[in-house]
Structures are given as structure tokens and as C-alpha cells.
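Enquirer: I am sharing upload21.cif, which consists of mmCIF, C-alpha atoms:
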```cif
data_coords
loop_
_atom_site.label_atom_id
_atom_site.label_comp_id
_atom_site.auth_asym_id
_atom_site.auth_seq_id
_atom_site.Cartn_x
_atom_site.Cartn_y
_atom_site.Cartn_z
CA MET A 1 2.36 -12.62 -2.83
CA ASN A 2 -0.87 -10.65 -3.05
CA ALA A 3 -1.50 -7.39 -4.88
CA VAL A 4 -4.46 -5.04 -4.96
CA ILE A 5 -4.96 -3.45 -8.37
CA LEU A 6 -7.08 -0.36 -8.95
CA LEU A 7 -9.09 -1.60 -11.93
CA SER A 8 -11.28 0.89 -13.77
CA GLY A 9 -11.82 -1.29 -16.83
CA GLY A 10 -9.64 0.99 -18.94
CA LEU A 11 -6.43 0.46 -20.85
CA ASP A 12 -3.96 1.62 -18.18
CA SER A 13 -5.42 -0.30 -15.24
CA THR A 14 -5.68 -3.42 -17.39
CA THR A 15 -1.99 -3.07 -18.27
CA CYS A 16 -1.28 -2.82 -14.53
CA MET A 17 -3.13 -6.10 -14.00
CA ALA A 18 -0.99 -7.71 -16.68
CA VAL A 19 2.20 -6.40 -15.05
CA ALA A 20 1.17 -7.63 -11.60
CA LYS A 21 0.25 -11.02 -13.03
CA SER A 22 3.60 -11.28 -14.82
CA GLN A 23 5.39 -10.58 -11.53
CA GLY A 24 3.72 -13.54 -9.87
CA TYR A 25 1.17 -11.76 -7.69
CA ASP A 26 -2.22 -13.17 -6.78
CA LEU A 27 -4.65 -10.51 -7.97
CA TYR A 28 -7.19 -8.66 -5.86
CA PRO A 29 -8.62 -5.94 -8.12
CA ILE A 30 -10.80 -3.18 -6.69
CA SER A 31 -13.20 -1.11 -8.80
CA PHE A 32 -15.55 1.75 -8.00
CA ASN A 33 -19.09 2.64 -8.89
CA TYR A 34 -18.82 6.32 -8.06
CA HIS A 35 -21.85 7.34 -10.16
CA GLN A 36 -19.55 8.10 -13.07
CA ARG A 37 -20.86 8.96 -16.51
CA ASN A 38 -18.81 6.11 -17.97
CA LYS A 39 -20.06 3.44 -15.54
CA ILE A 40 -20.16 1.02 -18.49
CA GLU A 41 -16.46 0.56 -17.70
CA LEU A 42 -17.46 -1.51 -14.66
CA GLU A 43 -18.76 -4.26 -16.93
CA SER A 44 -15.35 -4.29 -18.60
CA ALA A 45 -13.67 -4.45 -15.20
CA LYS A 46 -15.68 -7.56 -14.31
CA GLN A 47 -14.67 -9.26 -17.56
CA ILE A 48 -11.01 -8.28 -17.13
CA ALA A 49 -10.92 -9.59 -13.56
CA GLU A 50 -12.34 -12.89 -14.77
CA PHE A 51 -9.87 -13.00 -17.68
CA PHE A 52 -6.93 -12.73 -15.29
CA GLY A 53 -8.33 -15.24 -12.80
CA ALA A 54 -8.53 -12.73 -9.95
CA LYS A 55 -8.82 -14.18 -6.47
CA ARG A 56 -11.58 -11.70 -5.67
CA HIS A 57 -12.93 -8.63 -7.45
CA LEU A 58 -14.24 -6.02 -5.04
CA ILE A 59 -16.57 -3.29 -6.35
CA ILE A 60 -17.13 -0.36 -4.01
CA ASP A 61 -20.18 1.91 -4.24
CA THR A 62 -19.38 5.53 -3.45
CA ASN A 63 -21.35 8.56 -4.58
CA MET A 64 -18.87 11.12 -5.91
CA ASN A 65 -21.74 12.57 -7.92
CA ALA A 66 -22.86 14.18 -4.66
CA ILE A 67 -19.65 16.23 -4.70
CA GLY A 68 -19.93 17.07 -8.39
CA GLY A 69 -17.55 19.48 -10.09
CA SER A 70 -16.58 17.09 -12.87
CA ALA A 71 -17.91 16.21 -16.30
CA LEU A 72 -17.52 12.55 -15.32
CA THR A 73 -19.92 12.83 -12.37
CA ASP A 74 -22.24 15.71 -13.28
CA GLU A 75 -24.51 15.16 -16.27
CA HIS A 76 -24.97 18.94 -16.56
CA ILE A 77 -21.28 19.41 -17.42
CA ALA A 78 -20.46 18.36 -20.98
CA VAL A 79 -17.44 16.20 -21.75
CA PRO A 80 -15.24 18.44 -23.93
CA ASP A 81 -13.66 17.40 -27.20
CA GLY A 82 -10.20 16.03 -26.62
CA ASP A 83 -6.94 17.89 -26.95
CA VAL A 84 -3.79 15.73 -26.81
CA ASN A 85 -1.71 18.84 -26.17
CA ARG A 86 -3.84 20.19 -23.33
CA SER A 87 -1.82 21.91 -20.57
CA GLU A 88 -4.55 22.91 -18.12
CA VAL A 89 -6.44 20.46 -15.87
CA PRO A 90 -9.64 19.61 -17.81
CA VAL A 91 -13.19 19.51 -16.49
CA THR A 92 -13.06 15.69 -16.58
CA TYR A 93 -10.87 15.84 -13.47
CA VAL A 94 -12.74 14.27 -10.52
CA PRO A 95 -11.78 16.04 -7.26
CA SER A 96 -9.59 13.83 -5.03
CA ARG A 97 -10.60 10.65 -6.87
CA ASN A 98 -7.27 8.83 -6.62
CA LEU A 99 -6.84 9.88 -2.99
CA ILE A 100 -10.21 8.32 -2.18
CA PHE A 101 -9.60 5.22 -4.29
CA LEU A 102 -6.15 4.59 -2.87
CA SER A 103 -7.52 4.94 0.67
CA TYR A 104 -10.05 2.19 -0.02
CA ALA A 105 -7.34 0.13 -1.70
CA LEU A 106 -5.05 0.48 1.30
CA GLY A 107 -7.76 -0.83 3.63
CA TYR A 108 -8.43 -3.71 1.22
CA ALA A 109 -4.69 -4.43 1.01
CA GLU A 110 -4.46 -4.70 4.78
CA VAL A 111 -7.35 -7.16 4.94
CA VAL A 112 -6.08 -9.44 2.14
CA LYS A 113 -2.48 -9.14 3.37
CA ALA A 114 -1.28 -7.58 0.13
CA ASP A 115 2.32 -6.57 -0.40
CA ALA A 116 1.55 -4.02 -3.10
CA ILE A 117 -1.11 -1.76 -4.55
CA PHE A 118 -0.88 -1.23 -8.32
CA ILE A 119 -2.29 1.95 -9.84
CA GLY A 120 -2.05 2.98 -13.50
CA VAL A 121 -1.21 6.64 -13.04
CA ASN A 122 0.89 8.23 -15.73
CA ALA A 123 2.73 11.54 -16.05
CA VAL A 124 3.56 11.47 -19.78
CA ASP A 125 0.49 10.98 -22.02
CA TYR A 126 -2.25 12.01 -19.60
CA SER A 127 -4.72 14.83 -19.00
CA GLY A 128 -2.78 16.78 -16.38
CA TYR A 129 -4.60 15.45 -13.32
CA PRO A 130 -2.73 16.36 -10.10
CA ASP A 131 -3.46 12.96 -8.55
CA CYS A 132 -1.59 11.19 -11.37
CA ARG A 133 1.72 12.93 -10.68
CA PRO A 134 4.76 11.32 -9.03
CA GLU A 135 4.75 13.74 -6.10
CA PHE A 136 1.21 12.71 -5.17
CA ILE A 137 2.18 9.02 -5.16
CA ARG A 138 5.27 9.74 -3.03
CA LYS A 139 3.17 11.60 -0.48
CA PHE A 140 0.52 8.89 -0.38
CA GLN A 141 3.22 6.25 0.17
CA GLU A 142 4.47 8.24 3.15
CA LEU A 143 0.92 8.42 4.48
CA ALA A 144 0.30 4.70 3.88
CA ASN A 145 3.31 3.85 6.03
CA TYR A 146 1.47 5.33 9.02
CA ALA A 147 -2.18 4.91 8.08
CA CYS A 148 -3.02 1.36 9.11
CA LYS A 149 -2.14 -1.30 11.68
CA ALA A 150 -0.26 -3.46 9.19
CA THR A 151 2.22 -0.71 8.36
CA ALA A 152 2.30 1.46 11.48
CA VAL A 153 2.18 -1.29 14.13
CA ASP A 154 3.09 -4.61 12.52
CA GLY A 155 5.92 -3.20 10.39
CA LYS A 156 4.57 -4.57 7.10
CA SER A 157 5.41 -2.80 3.88
CA ILE A 158 2.58 -2.10 1.42
CA GLU A 159 4.16 -0.56 -1.66
CA ILE A 160 2.27 1.76 -4.00
CA VAL A 161 3.42 0.50 -7.42
CA THR A 162 3.13 2.70 -10.50
CA PRO A 163 4.59 0.68 -13.40
CA LEU A 164 3.24 3.09 -16.03
CA GLN A 165 4.30 6.34 -14.39
CA LYS A 166 7.04 7.27 -16.88
CA LEU A 167 5.70 5.51 -19.98
CA SER A 168 4.06 7.10 -22.99
CA LYS A 169 0.73 5.70 -24.13
CA LYS A 170 2.59 4.02 -26.98
CA GLU A 171 4.95 2.31 -24.52
CA ILE A 172 2.05 1.30 -22.26
CA ILE A 173 0.28 -0.38 -25.17
CA GLN A 174 3.47 -2.11 -26.29
CA LEU A 175 4.04 -3.40 -22.75
CA GLY A 176 0.48 -4.61 -22.32
CA SER A 177 0.42 -6.26 -25.74
CA LYS A 178 3.63 -8.11 -24.90
CA LEU A 179 2.05 -9.35 -21.67
CA GLY A 180 -1.21 -10.38 -23.33
CA ALA A 181 -3.44 -7.69 -21.82
CA PRO A 182 -7.04 -8.12 -23.08
CA TYR A 183 -7.41 -4.70 -24.65
CA HIS A 184 -10.47 -5.90 -26.55
CA LEU A 185 -12.31 -5.91 -23.20
CA THR A 186 -11.29 -2.42 -22.13
CA ARG A 187 -13.27 0.83 -22.05
CA SER A 188 -11.50 4.19 -22.11
CA CYS A 189 -14.12 6.66 -23.34
CA TYR A 190 -15.30 9.39 -20.96
CA ASN A 191 -18.76 9.52 -22.55
CA GLY A 192 -19.64 5.97 -21.56
CA ARG A 193 -21.75 5.02 -24.55
CA GLU A 194 -21.86 1.57 -26.13
CA LYS A 195 -19.22 2.63 -28.67
CA ALA A 196 -16.26 4.84 -27.75
CA CYS A 197 -16.82 8.40 -28.98
CA GLY A 198 -13.35 8.82 -30.50
CA VAL A 199 -13.20 12.54 -29.69
CA CYS A 200 -12.74 12.94 -25.90
CA ASP A 201 -9.29 13.27 -24.30
CA SER A 202 -9.18 9.63 -23.29
CA CYS A 203 -10.16 8.35 -26.74
CA LYS A 204 -7.70 10.61 -28.55
CA LEU A 205 -4.78 9.67 -26.30
CA ARG A 206 -5.65 5.99 -26.66
CA LEU A 207 -5.98 6.18 -30.44
CA ARG A 208 -2.71 8.06 -30.80
CA GLY A 209 -0.97 5.50 -28.60
CA PHE A 210 -2.18 2.56 -30.69
CA ALA A 211 -1.25 4.35 -33.91
CA GLU A 212 2.27 5.15 -32.66
CA ALA A 213 2.69 1.57 -31.43
CA GLY A 214 1.67 0.25 -34.84
CA ILE A 215 -1.04 -1.90 -33.26
CA LYS A 216 -4.73 -1.92 -34.22
CA ASP A 217 -7.05 -0.77 -31.46
CA PRO A 218 -9.51 -3.67 -31.01
CA ILE A 219 -12.49 -1.66 -29.75
CA VAL A 220 -15.19 0.05 -31.83
CA TYR A 221 -15.50 3.83 -32.19
CA GLU A 222 -18.39 6.05 -33.22
CA LYS A 223 -15.96 8.38 -34.95
CA MET A 224 -12.72 6.92 -36.23
CA PRO A 225 -9.79 9.25 -37.02
CA ALA A 226 -8.34 9.07 -40.49
CA ASP A 227 -4.90 9.97 -39.12
CA ASN A 228 -4.18 10.08 -35.40
CA THR A 229 -0.39 9.90 -35.53
CA LYS A 230 -0.05 13.68 -35.54
CA ASN A 231 -0.53 16.00 -32.58
CA HIS A 232 -3.69 17.28 -34.24
CA ILE A 233 -5.96 14.35 -35.02
CA THR A 234 -8.00 14.64 -38.20
CA TYR A 235 -11.20 12.69 -38.82
CA GLU A 236 -12.74 11.03 -41.83
CA ASN A 237 -15.25 13.87 -42.25
CA GLY A 238 -12.53 16.52 -42.06
CA GLU A 239 -13.18 17.74 -38.50
#
```
Please render this file's structure as C-alpha cells.
Expert:
Amino acid sequence: MNAVILLSGGLDSTTCMAVAKSQGYDLYPISFNYHQRNKIELESAKQIAEFFGAKRHLIIDTNMNAIGGSALTDEHIAVPDGDVNRSEVPVTYVPSRNLIFLSYALGYAEVVKADAIFIGVNAVDYSGYPDCRPEFIRKFQELANYACKATAVDGKSIEIVTPLQKLSKKEIIQLGSKLGAPYHLTRSCYNGREKACGVCDSCKLRLRGFAEAGIKDPIVYEKMPADNTKNHITYENGE
């Protein structure tokens, strides 16, 4: 069995790789250089693919910076400080990113004769992105059933698999740790510097998840919270 895994180099996609590996799939990860601010994550993706013994790691170049409208693709838009209780869609949302990525992944899946596409979307501890919600995945699955020769003509099933959809960040980390996911290789920070900033949405959700799981986060932060188990994370310097 073959599986395509959308691999960003972050915690969630790495957990997806571990899940796919545990289910006996041969791994065909796909990553994207979309001119993102945090393109350092691509180096992590390469290391993670090698760690898992991927059959092939495909990296697609696509310029979503030309579209703009996101703090992750436009250097003129600042990455905001994180808020783990945020209800509105933040400026780090990249318009139609998962729709574009899944479309590439579906084409890749057809070529490598994959039975599944794994994506680490989550609707519990996440930043409110519309393309991480269950209804989006359901609609894309319906589209995938008609979008390519393998599914529409040959009758093959290519399942969009979302093993993290209903898990909290704590539960994701517990699952990945159990499966031996190499979290020390992952990058989650939106700012994309050598050390994780510790204050963006992604960092705060990650730190809270590790704290609630009772597991030490193995990566290095510029700013390490003194207590990130509460909804409001406090830092060593009192911020």
C-alpha cells in the first residue's frame, strides 16, 4: 500500500507520517516551497522524510507569495502574537492553501498509485482556518472521487485521511510520541527563524500541548514560557 503525506516539517504532519508508517503504508511525502516566511521548515521536512525511510520525497515550488494576503507569505504583514483562545481567522491564514496542496497531492497519488492521502488538519487545537475543518475535507473527498482518471474512470479509491482531525494538541503529541515521531526534527514556528519564537499561535499551541501531555518539547525557543498549562501563557519575563 502507498500513501501520500502532506509534510510541512511541523508537528502535525510528522505525526501523520508516523501514523501512516504504523499502518503499513509505503510513504510518499509531498512538501511545498510556496515562498513562505517559515521556509526553514522544508529542511525539517527533508530530515523527517529521511528518518521515516520515505520511498520518494517530492518538493513542489509554487509562488503563493504572488497572491499575498497572509503573514506567512507577505513580509510586510507582521506575524501576530499568539492567542490560544482566538476565535477569528488570523492573518496567518494562507488563502486556499490546503485546497492547492491537496490538488497537487491528488495528482501525485494517482501517479504513485497511492491508496490514501494523509493530511494533518485539526479542528480542536488549531487557529480557525476554514481549510482545516471537517466539512472542507468531506467536500474535497467528493471532488477527488471525480477529479482524476484513477478515481473517475478506473474506479480506484483514494481516501483523504485525517487521523488528527478530532484530537487535541495534547492527544496528537501523545499519539506521535507513542509511535516514535521525531519531534526533535520538527519546526512549527510561523516566524521561521533558527529558534522558534515561542509567542506565535503555532508556538503557543505546541507548547501548551507538550505541557498538557507531560512531555518535554525537544526543540529550542527564543522565549520559553514559565507556565503554558493555562489558557493564558505567562513568560519568564512576566509578559
Enquirer: List as a PyMOL selection string the protein and nucleic acid residues near A:Val79, meaning an atom at most 7 Å away when all atoms listed in the file are counted, but skip any in the same chain fewer than 2 places from it.
Expert: chain A and resi 71+77+81+92+191
Enquirer: Keeping C-alpha atoms, export the residues of the selection given above as a compact mmCIF listing (two decimals), in the coordinates of the input.
Expert:
```
# COMPACT_ATOMS: atom_id res chain seq x y z
CA ALA A 71 -17.91 16.21 -16.30
CA ILE A 77 -21.28 19.41 -17.42
CA ASP A 81 -13.66 17.40 -27.20
CA THR A 92 -13.06 15.69 -16.58
CA ASN A 191 -18.76 9.52 -22.55
```
Enquirer: Using all atoms listed in the file, pick whichever of A:Ile219, A:Val94, A:Ile60, A:Ala66 has the shortest atom-to-atom distance to A:Leu11.
Expert: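 Checking each candidate against A:Leu11, we get A:Ile219 as the closest.
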Enquirer: One decimal, Å: what's the distance from atom CA of A:Pro134 over to atom CA of A:Gln165, could you say?
Expert: 7.3 Å
Enquirer: Using all atoms listed in the file, pick whichever of A:Gly9, A:Gly53, A:Gly24, A:Gly209 has the shortest atom-to-atom distance to A:Gln174.
Expert: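 Smallest distance to A:Gln174 is found for A:Gly209.
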Enquirer: If you apply the PyMOL selection byres ((chain A and resi 176-178) around 10) to this file, what residues do you get, as a ChimeraX atom specification?
Expert: /A:11-12,14-19,171-175,179-183,213,215
Enquirer: Could those selected residues go to a file with C-alpha atoms, as a PDB file, in the coordinates of the input?
Expert:
```pdb
ATOM      1  CA  LEU A  11      -6.430   0.460 -20.850  1.00  0.00           C
ATOM      2  CA  ASP A  12      -3.960   1.620 -18.180  1.00  0.00           C
ATOM      3  CA  THR A  14      -5.680  -3.420 -17.390  1.00  0.00           C
ATOM      4  CA  THR A  15      -1.990  -3.070 -18.270  1.00  0.00           C
ATOM      5  CA  CYS A  16      -1.280  -2.820 -14.530  1.00  0.00           C
ATOM      6  CA  MET A  17      -3.130  -6.100 -14.000  1.00  0.00           C
ATOM      7  CA  ALA A  18      -0.990  -7.710 -16.680  1.00  0.00           C
ATOM      8  CA  VAL A  19       2.200  -6.400 -15.050  1.00  0.00           C
ATOM      9  CA  GLU A 171       4.950   2.310 -24.520  1.00  0.00           C
ATOM     10  CA  ILE A 172       2.050   1.300 -22.260  1.00  0.00           C
ATOM     11  CA  ILE A 173       0.280  -0.380 -25.170  1.00  0.00           C
ATOM     12  CA  GLN A 174       3.470  -2.110 -26.290  1.00  0.00           C
ATOM     13  CA  LEU A 175       4.040  -3.400 -22.750  1.00  0.00           C
ATOM     14  CA  LEU A 179       2.050  -9.350 -21.670  1.00  0.00           C
ATOM     15  CA  GLY A 180      -1.210 -10.380 -23.330  1.00  0.00           C
ATOM     16  CA  ALA A 181      -3.440  -7.690 -21.820  1.00  0.00           C
ATOM     17  CA  PRO A 182      -7.040  -8.120 -23.080  1.00  0.00           C
ATOM     18  CA  TYR A 183      -7.410  -4.700 -24.650  1.00  0.00           C
ATOM     19  CA  ALA A 213       2.690   1.570 -31.430  1.00  0.00           C
ATOM     20  CA  ILE A 215      -1.040  -1.900 -33.260  1.00  0.00           C
TER      21      ILE A 215
END
```
Enquirer: Need the neighbours of (-20.1, -4.7, -11.3): which residues are at most 12 Å away, counting all atoms listed in the file, as a list in words?
Expert: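 Residues satisfying the cut-off, written out: Leu7, Ser8, Gly9, Pro29, Ile30, Ser31, Phe32, Asn33, Tyr34, Lys39, Ile40, Glu41, Leu42, Glu43, Ser44, Ala45, Lys46, Gln47, Ile48, Ala49, Glu50, His57, Leu58, Ile59, Ile60 and Asp61 of chain A.
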Enquirer: Near A:Pro95, within 10 Å and counting only C-alpha atoms, which residues show up once chain neighbours fewer than 4 positions away are dropped, as an NGL selection string?
Expert: :A and (64 or 67-70 or 91 or 99-100 or 129-131)
Enquirer: Now that the selection is made, can you save its residues with C-alpha atoms as an mmCIF file, keeping the file's coordinate frame?
Expert:
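part.cif, freshly written:
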```
data_model
loop_
_atom_site.group_PDB
_atom_site.id
_atom_site.type_symbol
_atom_site.label_atom_id
_atom_site.label_comp_id
_atom_site.auth_asym_id
_atom_site.auth_seq_id
_atom_site.Cartn_x
_atom_site.Cartn_y
_atom_site.Cartn_z
ATOM 1 C CA MET A 64 -18.870 11.120 -5.910
ATOM 2 C CA ILE A 67 -19.650 16.230 -4.700
ATOM 3 C CA GLY A 68 -19.930 17.070 -8.390
ATOM 4 C CA GLY A 69 -17.550 19.480 -10.090
ATOM 5 C CA SER A 70 -16.580 17.090 -12.870
ATOM 6 C CA VAL A 91 -13.190 19.510 -16.490
ATOM 7 C CA LEU A 99 -6.840 9.880 -2.990
ATOM 8 C CA ILE A 100 -10.210 8.320 -2.180
ATOM 9 C CA TYR A 129 -4.600 15.450 -13.320
ATOM 10 C CA PRO A 130 -2.730 16.360 -10.100
ATOM 11 C CA ASP A 131 -3.460 12.960 -8.550
#
```
Enquirer: Around stretch 168-181 of chain A, fit a box with edges along x, y and z, padding it by 3 Å on each side, then list its centre and edge lengths in Å to one decimal as JSON.
Expert:
```
{"center_x": 0.8, "center_y": -1.6, "center_z": -24.3, "size_x": 14.4, "size_y": 23.5, "size_z": 11.3}
```
Enquirer: Which residues are near stretch 108-124 of chain A? Cut-off 7 Å, all atoms listed in the file, ignore same chain within fewer than 2 positions. Put them as a ChimeraX atom specification.
Expert: /A:1-6,12-13,16,104-106,126,132-133,150,157-162,164-168
Enquirer: Would you mind reading off the distance between atom CA of A:Ile137 and atom CA of A:Ser202, one decimal, in Å?
Expert: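 Value for the atom CA of A:Ile137-atom CA of A:Ser202 distance: 21.4 Å.
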Enquirer: What does the structure give for the distance between atom CA of A:Pro218 and atom CA of A:Phe51, in Å to one decimal?
Expert: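 Atom CA of A:Phe51 lies 16.3 Å from atom CA of A:Pro218.
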Enquirer: Check which residues satisfy the PyMOL selection byres ((chain A and resi 199) around 10) in the file shown, then give them as a VMD selection string.
Expert: chain A and resid 79 to 83 189 to 191 196 to 198 200 to 205 207 221 to 225 233 235
Enquirer: Nearest to A:Lys21: which of A:Tyr93, A:Gln36, A:Phe140, A:Phe52 is it, counting all atoms listed in the file?
Expert: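 Distance minimum relative to A:Lys21 lands on A:Phe52.
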Enquirer: Counting only C-alpha atoms, figure out which residue out of A:Asn38, A:Arg56, A:Gly214, A:Lys156 gets nearest to A:Asp26.
Expert: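 Closest to A:Asp26, using only C-alpha atoms: A:Arg56.
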